[in-house]
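Next comes input-v1.cif, a file with mmCIF, C-alpha atoms.
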data_upload
#
loop_
_atom_site.group_PDB
_atom_site.id
_atom_site.type_symbol
_atom_site.label_atom_id
_atom_site.label_comp_id
_atom_site.auth_asym_id
_atom_site.auth_seq_id
_atom_site.Cartn_x
_atom_site.Cartn_y
_atom_site.Cartn_z
ATOM 1 C CA MET A 1 0.174 18.746 -30.037
ATOM 2 C CA LYS A 2 -0.975 15.150 -29.779
ATOM 3 C CA HIS A 3 2.562 13.847 -30.140
ATOM 4 C CA ARG A 4 3.779 16.154 -27.385
ATOM 5 C CA ALA A 5 0.848 15.193 -25.187
ATOM 6 C CA ALA A 6 1.346 11.485 -25.798
ATOM 7 C CA VAL A 7 5.003 11.609 -24.834
ATOM 8 C CA ILE A 8 4.340 11.510 -21.124
ATOM 9 C CA ALA A 9 1.726 8.733 -21.033
ATOM 10 C CA ARG A 10 0.292 9.067 -17.557
ATOM 11 C CA LEU A 11 3.424 9.529 -15.517
ATOM 12 C CA GLY A 12 1.163 10.847 -12.856
ATOM 13 C CA LEU A 13 3.498 12.169 -10.145
ATOM 14 C CA ALA A 14 4.113 15.585 -8.890
ATOM 15 C CA LEU A 15 4.090 16.514 -12.495
ATOM 16 C CA SER A 16 1.387 14.590 -14.293
ATOM 17 C CA GLY A 17 1.198 12.713 -17.527
ATOM 18 C CA VAL A 18 -0.393 14.189 -20.580
ATOM 19 C CA TRP A 19 -1.985 12.240 -23.431
ATOM 20 C CA GLY A 20 -4.064 12.520 -26.493
ATOM 21 C CA LEU A 21 -5.390 9.125 -27.568
ATOM 22 C CA GLY A 22 -7.031 8.255 -30.822
ATOM 23 C CA GLY A 23 -8.335 11.689 -31.763
ATOM 24 C CA THR A 24 -9.818 12.492 -28.341
ATOM 25 C CA ALA A 25 -9.235 15.718 -26.506
ATOM 26 C CA ALA A 26 -5.771 15.773 -24.936
ATOM 27 C CA HIS A 27 -5.883 15.785 -21.144
ATOM 28 C CA ALA A 28 -3.628 15.394 -18.130
ATOM 29 C CA ALA A 29 -3.370 12.718 -15.484
ATOM 30 C CA SER A 30 -3.209 13.320 -11.728
ATOM 31 C CA ALA A 31 -0.491 15.651 -10.503
ATOM 32 C CA ALA A 32 0.402 13.116 -7.776
ATOM 33 C CA GLN A 33 1.710 9.819 -9.107
ATOM 34 C CA PRO A 34 -0.757 7.055 -8.175
ATOM 35 C CA GLY A 35 0.927 4.635 -5.776
ATOM 36 C CA GLN A 36 3.611 7.041 -4.591
ATOM 37 C CA THR A 37 2.564 6.944 -0.908
ATOM 38 C CA VAL A 38 2.209 3.149 -0.715
ATOM 39 C CA GLY A 39 4.272 1.722 2.150
ATOM 40 C CA VAL A 40 4.495 4.926 4.207
ATOM 41 C CA PRO A 41 2.437 5.290 7.439
ATOM 42 C CA PHE A 42 1.325 8.796 6.550
ATOM 43 C CA GLY A 43 -1.583 8.726 8.990
ATOM 44 C CA ALA A 44 0.734 8.648 12.020
ATOM 45 C CA PRO A 45 3.113 11.325 13.334
ATOM 46 C CA PHE A 46 6.696 10.531 12.378
ATOM 47 C CA PRO A 47 9.524 10.504 14.926
ATOM 48 C CA LYS A 48 10.799 14.077 15.078
ATOM 49 C CA GLY A 49 13.689 14.764 12.735
ATOM 50 C CA PHE A 50 14.588 14.984 9.061
ATOM 51 C CA TYR A 51 14.224 12.343 6.363
ATOM 52 C CA ALA A 52 15.834 12.203 2.938
ATOM 53 C CA VAL A 53 13.723 9.980 0.720
ATOM 54 C CA ASN A 54 13.842 8.895 -2.892
ATOM 55 C CA LEU A 55 11.183 6.817 -4.616
ATOM 56 C CA SER A 56 12.158 5.568 -8.060
ATOM 57 C CA SER A 57 9.837 3.550 -10.273
ATOM 58 C CA PHE A 58 9.946 2.059 -13.738
ATOM 59 C CA GLY A 59 6.803 1.013 -15.554
ATOM 60 C CA VAL A 60 5.875 -0.695 -18.811
ATOM 61 C CA ARG A 61 2.367 -0.221 -20.218
ATOM 62 C CA ASP A 62 0.949 -2.692 -22.746
ATOM 63 C CA THR A 63 0.127 -0.192 -25.480
ATOM 64 C CA ALA A 64 -0.195 -1.103 -29.135
ATOM 65 C CA PRO A 65 1.614 -1.407 -31.420
ATOM 66 C CA ARG A 66 4.577 -1.180 -29.007
ATOM 67 C CA ASP A 67 4.878 -0.899 -25.225
ATOM 68 C CA SER A 68 5.252 2.463 -23.485
ATOM 69 C CA GLU A 69 7.865 2.938 -20.747
ATOM 70 C CA SER A 70 8.326 5.528 -18.025
ATOM 71 C CA ASN A 71 10.724 6.205 -15.169
ATOM 72 C CA VAL A 72 9.713 8.489 -12.300
ATOM 73 C CA ASN A 73 11.983 9.708 -9.489
ATOM 74 C CA LEU A 74 10.632 11.562 -6.461
ATOM 75 C CA PRO A 75 13.499 12.947 -4.341
ATOM 76 C CA THR A 76 11.890 14.205 -1.154
ATOM 77 C CA LEU A 77 12.863 16.029 2.028
ATOM 78 C CA LEU A 78 10.536 15.564 5.011
ATOM 79 C CA TRP A 79 10.778 17.431 8.320
ATOM 80 C CA ALA A 80 8.837 16.114 11.301
ATOM 81 C CA THR A 81 8.964 19.186 13.536
ATOM 82 C CA PRO A 82 8.724 19.437 17.339
ATOM 83 C CA PHE A 83 5.785 21.830 16.909
ATOM 84 C CA SER A 84 2.083 21.105 17.164
ATOM 85 C CA VAL A 85 -1.124 22.808 16.036
ATOM 86 C CA LEU A 86 -4.563 21.758 17.308
ATOM 87 C CA GLY A 87 -2.891 18.780 18.939
ATOM 88 C CA GLY A 88 -1.375 17.534 15.688
ATOM 89 C CA GLN A 89 2.333 17.290 14.934
ATOM 90 C CA VAL A 90 3.458 19.706 12.224
ATOM 91 C CA GLN A 91 5.350 18.121 9.306
ATOM 92 C CA PHE A 92 6.650 19.632 6.078
ATOM 93 C CA VAL A 93 7.295 17.936 2.728
ATOM 94 C CA PHE A 94 9.225 19.078 -0.349
ATOM 95 C CA VAL A 95 9.349 16.996 -3.546
ATOM 96 C CA ALA A 96 11.303 17.786 -6.740
ATOM 97 C CA PRO A 97 10.365 15.076 -9.284
ATOM 98 C CA ILE A 98 12.241 13.985 -12.388
ATOM 99 C CA ALA A 99 10.701 11.842 -15.128
ATOM 100 C CA ALA A 100 11.517 10.191 -18.448
ATOM 101 C CA SER A 101 9.264 8.308 -20.851
ATOM 102 C CA SER A 102 9.105 6.561 -24.185
ATOM 103 C CA VAL A 103 5.658 6.164 -25.758
ATOM 104 C CA ARG A 104 5.111 3.165 -28.041
ATOM 105 C CA GLY A 105 8.832 2.795 -28.705
ATOM 106 C CA ALA A 106 9.486 6.472 -29.478
ATOM 107 C CA PRO A 107 12.749 8.106 -28.309
ATOM 108 C CA TYR A 108 12.873 8.957 -24.610
ATOM 109 C CA ASN A 109 11.939 12.421 -23.375
ATOM 110 C CA SER A 110 12.866 13.617 -19.894
ATOM 111 C CA GLY A 111 12.474 16.617 -17.650
ATOM 112 C CA TRP A 112 11.860 18.048 -14.201
ATOM 113 C CA GLY A 113 8.346 17.912 -12.820
ATOM 114 C CA GLN A 114 6.396 20.386 -10.755
ATOM 115 C CA PRO A 115 7.840 20.859 -7.235
ATOM 116 C CA LEU A 116 5.491 20.102 -4.361
ATOM 117 C CA LEU A 117 5.488 22.192 -1.174
ATOM 118 C CA ALA A 118 3.224 20.853 1.559
ATOM 119 C CA GLY A 119 2.431 21.031 5.242
ATOM 120 C CA GLN A 120 0.828 18.252 7.236
ATOM 121 C CA LEU A 121 -0.829 17.824 10.632
ATOM 122 C CA ALA A 122 -0.676 14.314 12.104
ATOM 123 C CA TRP A 123 -2.538 13.196 15.240
ATOM 124 C CA ASP A 124 -1.697 10.209 17.456
ATOM 125 C CA LEU A 125 -5.103 8.954 18.662
ATOM 126 C CA GLY A 126 -3.665 6.159 20.792
ATOM 127 C CA ASP A 127 -3.756 2.364 20.518
ATOM 128 C CA GLY A 128 -1.667 2.565 17.354
ATOM 129 C CA VAL A 129 -4.149 4.714 15.410
ATOM 130 C CA GLY A 130 -3.173 7.965 13.723
ATOM 131 C CA VAL A 131 -4.796 10.332 11.257
ATOM 132 C CA SER A 132 -3.382 13.192 9.209
ATOM 133 C CA TYR A 133 -4.279 15.953 6.800
ATOM 134 C CA LEU A 134 -1.845 17.356 4.228
ATOM 135 C CA LEU A 135 -2.326 20.530 2.230
ATOM 136 C CA GLY A 136 0.167 21.285 -0.501
ATOM 137 C CA GLY A 137 0.650 22.968 -3.808
ATOM 138 C CA TYR A 138 2.272 21.873 -7.056
ATOM 139 C CA LEU A 139 3.987 25.015 -8.303
ATOM 140 C CA PRO A 140 3.656 26.351 -11.870
ATOM 141 C CA TRP A 141 6.333 24.835 -14.075
ATOM 142 C CA GLU A 142 7.318 26.170 -17.483
ATOM 143 C CA THR A 143 7.922 23.016 -19.462
ATOM 144 C CA ARG A 144 6.304 21.619 -22.591
ATOM 145 C CA PHE A 145 7.039 18.096 -21.398
ATOM 146 C CA LEU A 146 4.996 17.941 -18.197
ATOM 147 C CA THR A 147 2.071 19.617 -16.479
ATOM 148 C CA GLN A 148 2.550 23.362 -16.244
ATOM 149 C CA SER A 149 -0.383 24.732 -14.224
ATOM 150 C CA ALA A 150 -0.490 25.029 -10.446
ATOM 151 C CA SER A 151 -2.742 22.758 -8.382
ATOM 152 C CA LEU A 152 -3.702 22.066 -4.773
ATOM 153 C CA SER A 153 -3.203 18.681 -3.139
ATOM 154 C CA HIS A 154 -5.369 17.557 -0.210
ATOM 155 C CA ARG A 155 -4.434 14.260 1.443
ATOM 156 C CA PHE A 156 -6.345 12.438 4.179
ATOM 157 C CA ALA A 157 -4.620 9.431 5.758
ATOM 158 C CA ILE A 158 -5.392 6.937 8.502
ATOM 159 C CA THR A 159 -2.841 4.493 9.908
ATOM 160 C CA TYR A 160 -2.950 1.589 12.339
ATOM 161 C CA ALA A 161 0.575 0.647 13.451
ATOM 162 C CA ALA A 162 0.764 -1.740 16.401
ATOM 163 C CA ASN A 163 1.614 -5.366 17.218
ATOM 164 C CA ASP A 164 3.995 -5.428 14.230
ATOM 165 C CA TRP A 165 1.179 -4.578 11.794
ATOM 166 C CA ALA A 166 1.012 -1.422 9.673
ATOM 167 C CA VAL A 167 -2.162 -0.570 7.783
ATOM 168 C CA THR A 168 -2.547 2.745 5.955
ATOM 169 C CA ALA A 169 -5.089 4.252 3.578
ATOM 170 C CA ASN A 170 -4.194 7.604 2.001
ATOM 171 C CA LEU A 171 -6.782 9.478 -0.087
ATOM 172 C CA LEU A 172 -5.381 12.181 -2.373
ATOM 173 C CA TYR A 173 -7.613 14.819 -3.920
ATOM 174 C CA GLY A 174 -6.097 17.168 -6.481
ATOM 175 C CA HIS A 175 -7.706 20.412 -7.551
ATOM 176 C CA MET A 176 -6.300 22.066 -10.667
ATOM 177 C CA LEU A 177 -6.264 25.867 -10.480
ATOM 178 C CA GLU A 178 -6.472 26.118 -14.280
ATOM 179 C CA THR A 179 -8.519 23.774 -16.433
ATOM 180 C CA ARG A 180 -6.329 24.240 -19.510
ATOM 181 C CA SER A 181 -2.601 24.497 -20.136
ATOM 182 C CA PRO A 182 -1.217 27.243 -22.403
ATOM 183 C CA ASN A 183 -1.282 24.585 -25.167
ATOM 184 C CA GLY A 184 -4.895 23.665 -24.537
ATOM 185 C CA VAL A 185 -4.295 20.412 -22.625
ATOM 186 C CA LEU A 186 -7.216 19.647 -20.296
ATOM 187 C CA TYR A 187 -6.451 19.392 -16.568
ATOM 188 C CA PRO A 188 -9.234 17.564 -14.671
ATOM 189 C CA ASP A 189 -9.345 17.243 -10.896
ATOM 190 C CA TYR A 190 -8.494 13.752 -9.624
ATOM 191 C CA LEU A 191 -8.743 11.256 -6.773
ATOM 192 C CA ASN A 192 -6.054 8.716 -5.843
ATOM 193 C CA LEU A 193 -6.213 6.087 -3.093
ATOM 194 C CA ASP A 194 -3.049 4.309 -1.861
ATOM 195 C CA VAL A 195 -3.479 1.311 0.479
ATOM 196 C CA THR A 196 -0.860 -0.675 2.429
ATOM 197 C CA LEU A 197 -1.106 -3.711 4.738
ATOM 198 C CA THR A 198 2.222 -5.027 6.023
ATOM 199 C CA LYS A 199 3.574 -7.211 8.804
ATOM 200 C CA LYS A 200 6.950 -6.688 10.497
ATOM 201 C CA PHE A 201 9.306 -9.627 11.135
ATOM 202 C CA GLY A 202 12.309 -8.204 12.955
ATOM 203 C CA LYS A 203 13.993 -5.929 10.434
ATOM 204 C CA TRP A 204 11.787 -7.193 7.588
ATOM 205 C CA GLN A 205 8.435 -5.851 6.424
ATOM 206 C CA VAL A 206 6.181 -7.678 3.925
ATOM 207 C CA GLY A 207 2.618 -7.422 2.721
ATOM 208 C CA PRO A 208 0.151 -6.601 -0.052
ATOM 209 C CA VAL A 209 -0.393 -3.109 -1.476
ATOM 210 C CA ALA A 210 -2.855 -1.524 -3.871
ATOM 211 C CA PHE A 211 -3.733 1.816 -5.396
ATOM 212 C CA GLY A 212 -6.384 3.341 -7.583
ATOM 213 C CA SER A 213 -6.799 6.607 -9.444
ATOM 214 C CA VAL A 214 -9.556 8.364 -11.347
ATOM 215 C CA ASP A 215 -9.886 11.669 -13.171
ATOM 216 C CA LEU A 216 -13.014 13.506 -12.075
ATOM 217 C CA LYS A 217 -15.647 14.265 -14.685
ATOM 218 C CA THR A 218 -15.641 17.449 -16.726
ATOM 219 C CA ASN A 219 -18.133 19.090 -19.070
ATOM 220 C CA VAL A 220 -15.691 19.048 -21.986
ATOM 221 C CA VAL A 221 -17.012 17.336 -25.123
ATOM 222 C CA GLY A 222 -14.756 14.451 -26.217
ATOM 223 C CA TYR A 223 -13.133 14.081 -22.799
ATOM 224 C CA ARG A 224 -12.371 10.456 -21.947
ATOM 225 C CA GLN A 225 -12.090 9.879 -18.204
ATOM 226 C CA GLN A 226 -9.002 7.909 -17.164
ATOM 227 C CA GLY A 227 -8.718 5.512 -14.248
ATOM 228 C CA GLN A 228 -6.830 2.480 -13.003
ATOM 229 C CA ILE A 229 -6.642 -0.063 -10.163
ATOM 230 C CA ALA A 230 -3.347 -1.801 -9.394
ATOM 231 C CA VAL A 231 -2.328 -4.430 -6.845
ATOM 232 C CA GLY A 232 1.009 -5.861 -5.776
ATOM 233 C CA GLY A 233 3.357 -6.828 -2.963
ATOM 234 C CA LEU A 234 5.944 -4.996 -0.854
ATOM 235 C CA VAL A 235 9.149 -6.064 0.914
ATOM 236 C CA GLY A 236 11.105 -3.744 3.215
ATOM 237 C CA TYR A 237 14.333 -4.051 5.230
ATOM 238 C CA ASN A 238 16.009 -1.895 7.860
ATOM 239 C CA PHE A 239 19.781 -1.558 7.386
ATOM 240 C CA GLY A 240 20.158 0.643 10.454
ATOM 241 C CA PHE A 241 21.403 3.798 8.758
ATOM 242 C CA MET A 242 18.679 3.589 6.098
ATOM 243 C CA ASN A 243 15.453 1.792 5.261
ATOM 244 C CA VAL A 244 14.721 0.217 1.874
ATOM 245 C CA GLN A 245 11.394 -0.832 0.381
ATOM 246 C CA GLY A 246 10.661 -2.491 -2.921
ATOM 247 C CA TYR A 247 7.269 -3.245 -4.404
ATOM 248 C CA VAL A 248 5.837 -4.391 -7.712
ATOM 249 C CA THR A 249 2.352 -3.501 -8.928
ATOM 250 C CA ARG A 250 0.212 -4.548 -11.878
ATOM 251 C CA ASP A 251 -2.975 -2.973 -13.181
ATOM 252 C CA VAL A 252 -5.992 -5.221 -12.790
ATOM 253 C CA ALA A 253 -8.247 -2.637 -14.425
ATOM 254 C CA GLU A 254 -7.652 0.480 -16.526
ATOM 255 C CA ARG A 255 -9.695 2.936 -18.523
ATOM 256 C CA ASN A 256 -8.464 5.017 -21.468
ATOM 257 C CA TYR A 257 -4.759 4.397 -20.856
ATOM 258 C CA GLY A 258 -4.338 2.152 -23.867
ATOM 259 C CA GLY A 259 -3.249 -0.882 -21.836
ATOM 260 C CA LYS A 260 -2.351 -2.237 -18.403
ATOM 261 C CA GLU A 261 0.884 -1.293 -16.662
ATOM 262 C CA THR A 262 3.418 -3.281 -14.647
ATOM 263 C CA ARG A 263 5.611 -1.086 -12.430
ATOM 264 C CA GLY A 264 8.541 -1.740 -10.088
ATOM 265 C CA TRP A 265 9.221 0.655 -7.212
ATOM 266 C CA LEU A 266 12.247 1.248 -4.954
ATOM 267 C CA ARG A 267 12.192 3.586 -1.944
ATOM 268 C CA ILE A 268 15.214 4.562 0.165
ATOM 269 C CA VAL A 269 14.696 6.454 3.443
ATOM 270 C CA VAL A 270 17.647 7.973 5.296
ATOM 271 C CA PRO A 271 16.726 9.518 8.683
ATOM 272 C CA PHE A 272 19.024 12.130 10.230
ATOM 273 C CA LEU A 273 18.833 14.325 13.319
ATOM 274 C CA GLN A 274 16.078 11.960 14.396
ATOM 275 C CA ASP A 275 14.706 11.680 17.928
ATOM 276 C CA LYS A 276 15.913 8.163 18.738
ATOM 277 C CA GLY A 277 13.692 8.023 21.791
ATOM 278 C CA GLU A 278 10.646 8.086 19.517
ATOM 279 C CA ALA A 279 11.862 5.764 16.772
ATOM 280 C CA GLN A 280 10.591 2.204 16.805
ATOM 281 C CA PRO A 281 13.335 -0.447 17.246
ATOM 282 C CA ASN A 282 14.177 -2.252 13.997
ATOM 283 C CA ARG A 283 11.873 0.143 12.197
ATOM 284 C CA THR A 284 11.238 -0.787 8.594
ATOM 285 C CA LEU A 285 10.308 2.783 7.847
ATOM 286 C CA ILE A 286 9.471 5.760 10.044
ATOM 287 C CA THR A 287 7.292 4.457 12.847
ATOM 288 C CA ARG A 288 6.989 5.720 16.423
ATOM 289 C CA ARG A 289 7.415 3.702 19.607
ATOM 290 C CA GLN A 290 3.954 4.845 20.660
ATOM 291 C CA ALA A 291 2.538 2.500 18.035
ATOM 292 C CA GLU A 292 3.963 -0.404 20.039
ATOM 293 C CA GLY A 293 1.691 0.525 22.919
ATOM 294 C CA ARG A 294 4.395 2.100 25.076
#

Please go through the file and, once you have read it, give me the structure as structure tokens.
Amino acid sequence: MKHRAAVIARLGLALSGVWGLGGTAAHAASAAQPGQTVGVPFGAPFPKGFYAVNLSSFGVRDTAPRDSESNVNLPTLLWATPFSVLGGQVQFVFVAPIAASSVRGAPYNSGWGQPLLAGQLAWDLGDGVGVSYLLGGYLPWETRFLTQSASLSHRFAITYAANDWAVTANLLYGHMLETRSPNGVLYPDYLNLDVTLTKKFGKWQVGPVAFGSVDLKTNVVGYRQQGQIAVGGLVGYNFGFMNVQGYVTRDVAERNYGGKETRGWLRIVVPFLQDKGEAQPNRTLITRRQAEGR
């Protein structure tokens, strides 16, 4: 059981990493990969249309006696609809993650993660400020490699996007519907916070990013609460038909992960059937003209 749990080593994403370290009770990480929303102005309504997105990341954690590695891919389809509810634009998100990992030099294991289905309301408050609320569910997934139990995902974001600046904070709260997997792995609730501050220079976008995550406390004896804080930098470029972002992050603090992680990220966004009248010129991601003060 511990070997199976250790295999995933805090992949986090829409699937969750599972560990058992040093004789402690095995438990799962957050169902949403910490850092996965960095760089996206999720607090603001997107220009109406469809977006095909993939975020791929590769991380190395300094675990003894050998490093642990993991690759996470988050292929995503996002629909910014022309509909509104309570004054907020309705948006839908579907994610079907894929992950692979090698713990302390062991052979790689790979598999599909839990799909995420979510709906979001995003409000344009004017002067470049937007807020949003997302409610989604990670579906049950019958795999011994990744998290199996269903969970709810609540996400609260605020974005300022004006005068070529983009600042976003996205708080993710995950509530596990079952506290134990069929194999007895503990699933705690969790909080993640993704933060972005970037400046646009024509088709370029650069700036610092950070994220943090923490498993919420449980009453289980032997449970060791996990958490991390990571910082890094982001560079984005608009190619016209697609937008590309790359960022690198490094843990500056961690708890009960066995070591700090360095992770490289690459996001590709391809908009289609987009309302060009709403899209910001030379956008480095998916930003509305309204944010320019028009």

Practice task
Apply the PyMOL selection byres ((chain A and resi 232-236) around 10) to the structure shown and report the selected residues as a PyMOL selection string.
Solution key: chain A and resi 38-39+196-200+203-211+230-231+237-239+243-252+262-268+283-285

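The nearest approach to Pro65 in chain A among the residues A:Arg104, A:Glu142, A:Ser151, A:Gly113, with only C-alpha atoms taken into account, belongs to A:Arg104.
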
Exercise for the section: Mind giving me the straight-line distance from CA of Val221 in chain A to CA of Leu186 in chain A in Å, one decimal? Expected result: 11.2 Å

Please determine an axis-aligned box that encloses all atoms of range 162-175 of chain A listed in the file, with 4 Å added on each side, and express its centre and edge lengths in Å to one decimal as lines of an AutoDock Vina configuration file.
center_x = -1.9
center_y = 7.5
center_z = 4.8
size_x = 19.7
size_y = 33.8
size_z = 32.8

Practice task
Please measure the separation of CA of Ile158 in chain A and CA of Leu273 in chain A, giving the value in Å to one decimal.
Solution key: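 These atoms are spaced 25.8 Å apart.
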
Exercise for the section: Between CA of Ser68 in chain A and CA of Ser102 in chain A, measure the distance and give it in Å to one decimal. Expected result: 5.7 Å

Exercise for the section: Apply the PyMOL selection byres ((chain A and resi 164) around 8) to the structure shown and report the selected residues as a ChimeraX atom specification. Expected result: /A:161-163,165-166,199-201,292

Problem - Surrounding residues of Leu152 in chain A excluding itself and chain neighbours under 4 positions, 9 Å, all atoms listed in the file, as a list in words - result: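 Neighbouring residues, sequence-local ones excluded: Leu135, Gly136, Gly137, Tyr138, Leu139, Tyr173, Gly174, His175, Met176 and Leu177 of chain A.
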
Practice task
Give the answer as one residue: which of A:Val72, A:Leu125, A:Val85, A:Leu216 has the shortest atom-to-atom distance to Asn192 in chain A, using all atoms listed in the file?
Solution key: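 Residue with the minimum atom-to-atom distance to Asn192 in chain A: A:Leu216.
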
Exercise for the section: Expand the PyMOL selection byres ((chain A and resi 106) around 10) into the individual residues it matches in the shown file, reporting them as a VMD selection string. Expected result: chain A and resid 7 66 to 69 101 to 105 107 to 109

Problem - Nearby residues (all atoms listed in the file) at most 9 Å from Ala122 in chain A, same-chain spacing under 6 positions excluded, as a ChimeraX atom specification - result: /A:42-46,84,87-91,130-134,157

Handout entry: Best match for closeness to Val185 in chain A among A:Trp112, A:Phe92, A:Phe50, A:Tyr223, counting only C-alpha atoms
Key = A:Tyr223

Practice task
Find the residues around Val93 in chain A up to 8 Å (all atoms listed in the file counted), leave out those fewer than 2 positions away in its own chain, and share them as a PyMOL selection string.
Solution key: chain A and resi 76-79+91+95+116-120

For C-alpha atoms, I'd like the residues from the last selection saved as a compact mmCIF listing (two decimals), in the coordinates of the input.
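As a result, out_11.txt now contains:
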# COMPACT_ATOMS: atom_id res chain seq x y z
CA THR A 76 11.89 14.20 -1.15
CA LEU A 77 12.86 16.03 2.03
CA LEU A 78 10.54 15.56 5.01
CA TRP A 79 10.78 17.43 8.32
CA GLN A 91 5.35 18.12 9.31
CA VAL A 95 9.35 17.00 -3.55
CA LEU A 116 5.49 20.10 -4.36
CA LEU A 117 5.49 22.19 -1.17
CA ALA A 118 3.22 20.85 1.56
CA GLY A 119 2.43 21.03 5.24
CA GLN A 120 0.83 18.25 7.24

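Proximity ranking of A:Leu121, A:Ser57, A:Phe83, A:Lys260 relative to Gly35 in chain A places A:Ser57 first, based on all atoms listed in the file.
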
Practice task
Please provide the set of residues having any atom within 9 Å of Gln36 in chain A, restricted to all atoms listed in the file, with same-chain residues fewer than 6 positions apart removed, written as number ranges by chain.
Solution key: A: 13, 55, 74, 194, 265

Completed range 164-177 of chain A (N, CA, C and O atoms) as a tab-separated table (two decimals), in the frame of the given file:
chain	number	residue	atom	x	y	z
A	164	ASP	N	3.22	-5.09	15.43
A	164	ASP	CA	4.00	-5.43	14.23
A	164	ASP	C	3.20	-5.32	12.94
A	164	ASP	O	3.70	-5.70	11.88
A	165	TRP	N	1.97	-4.81	12.99
A	165	TRP	CA	1.18	-4.58	11.79
A	165	TRP	C	1.21	-3.10	11.44
A	165	TRP	O	1.32	-2.23	12.31
A	166	ALA	N	1.12	-2.80	10.15
A	166	ALA	CA	1.01	-1.42	9.67
A	166	ALA	C	0.00	-1.40	8.54
A	166	ALA	O	0.20	-2.03	7.50
A	167	VAL	N	-1.10	-0.67	8.77
A	167	VAL	CA	-2.16	-0.57	7.78
A	167	VAL	C	-2.43	0.91	7.53
A	167	VAL	O	-2.67	1.66	8.48
A	168	THR	N	-2.36	1.33	6.28
A	168	THR	CA	-2.55	2.74	5.96
A	168	THR	C	-3.41	2.88	4.70
A	168	THR	O	-3.22	2.16	3.72
A	169	ALA	N	-4.34	3.82	4.75
A	169	ALA	CA	-5.09	4.25	3.58
A	169	ALA	C	-4.89	5.75	3.43
A	169	ALA	O	-5.08	6.50	4.40
A	170	ASN	N	-4.49	6.19	2.25
A	170	ASN	CA	-4.19	7.60	2.00
A	170	ASN	C	-4.98	8.05	0.78
A	170	ASN	O	-4.76	7.57	-0.34
A	171	LEU	N	-5.94	8.96	0.99
A	171	LEU	CA	-6.78	9.48	-0.09
A	171	LEU	C	-6.24	10.83	-0.52
A	171	LEU	O	-6.09	11.74	0.29
A	172	LEU	N	-5.95	10.96	-1.82
A	172	LEU	CA	-5.38	12.18	-2.37
A	172	LEU	C	-6.39	12.81	-3.32
A	172	LEU	O	-6.86	12.16	-4.27
A	173	TYR	N	-6.73	14.07	-3.04
A	173	TYR	CA	-7.61	14.82	-3.92
A	173	TYR	C	-6.84	16.00	-4.50
A	173	TYR	O	-6.27	16.81	-3.75
A	174	GLY	N	-6.81	16.08	-5.81
A	174	GLY	CA	-6.10	17.17	-6.48
A	174	GLY	C	-7.05	18.11	-7.18
A	174	GLY	O	-7.94	17.67	-7.91
A	175	HIS	N	-6.86	19.39	-6.93
A	175	HIS	CA	-7.71	20.41	-7.55
A	175	HIS	C	-6.83	21.29	-8.43
A	175	HIS	O	-5.92	21.98	-7.94
A	176	MET	N	-7.07	21.26	-9.73
A	176	MET	CA	-6.30	22.07	-10.67
A	176	MET	C	-6.79	23.51	-10.65
A	176	MET	O	-8.00	23.76	-10.73
A	177	LEU	N	-5.88	24.46	-10.54
A	177	LEU	CA	-6.26	25.87	-10.48
A	177	LEU	C	-6.58	26.43	-11.86
A	177	LEU	O	-7.24	27.47	-11.97
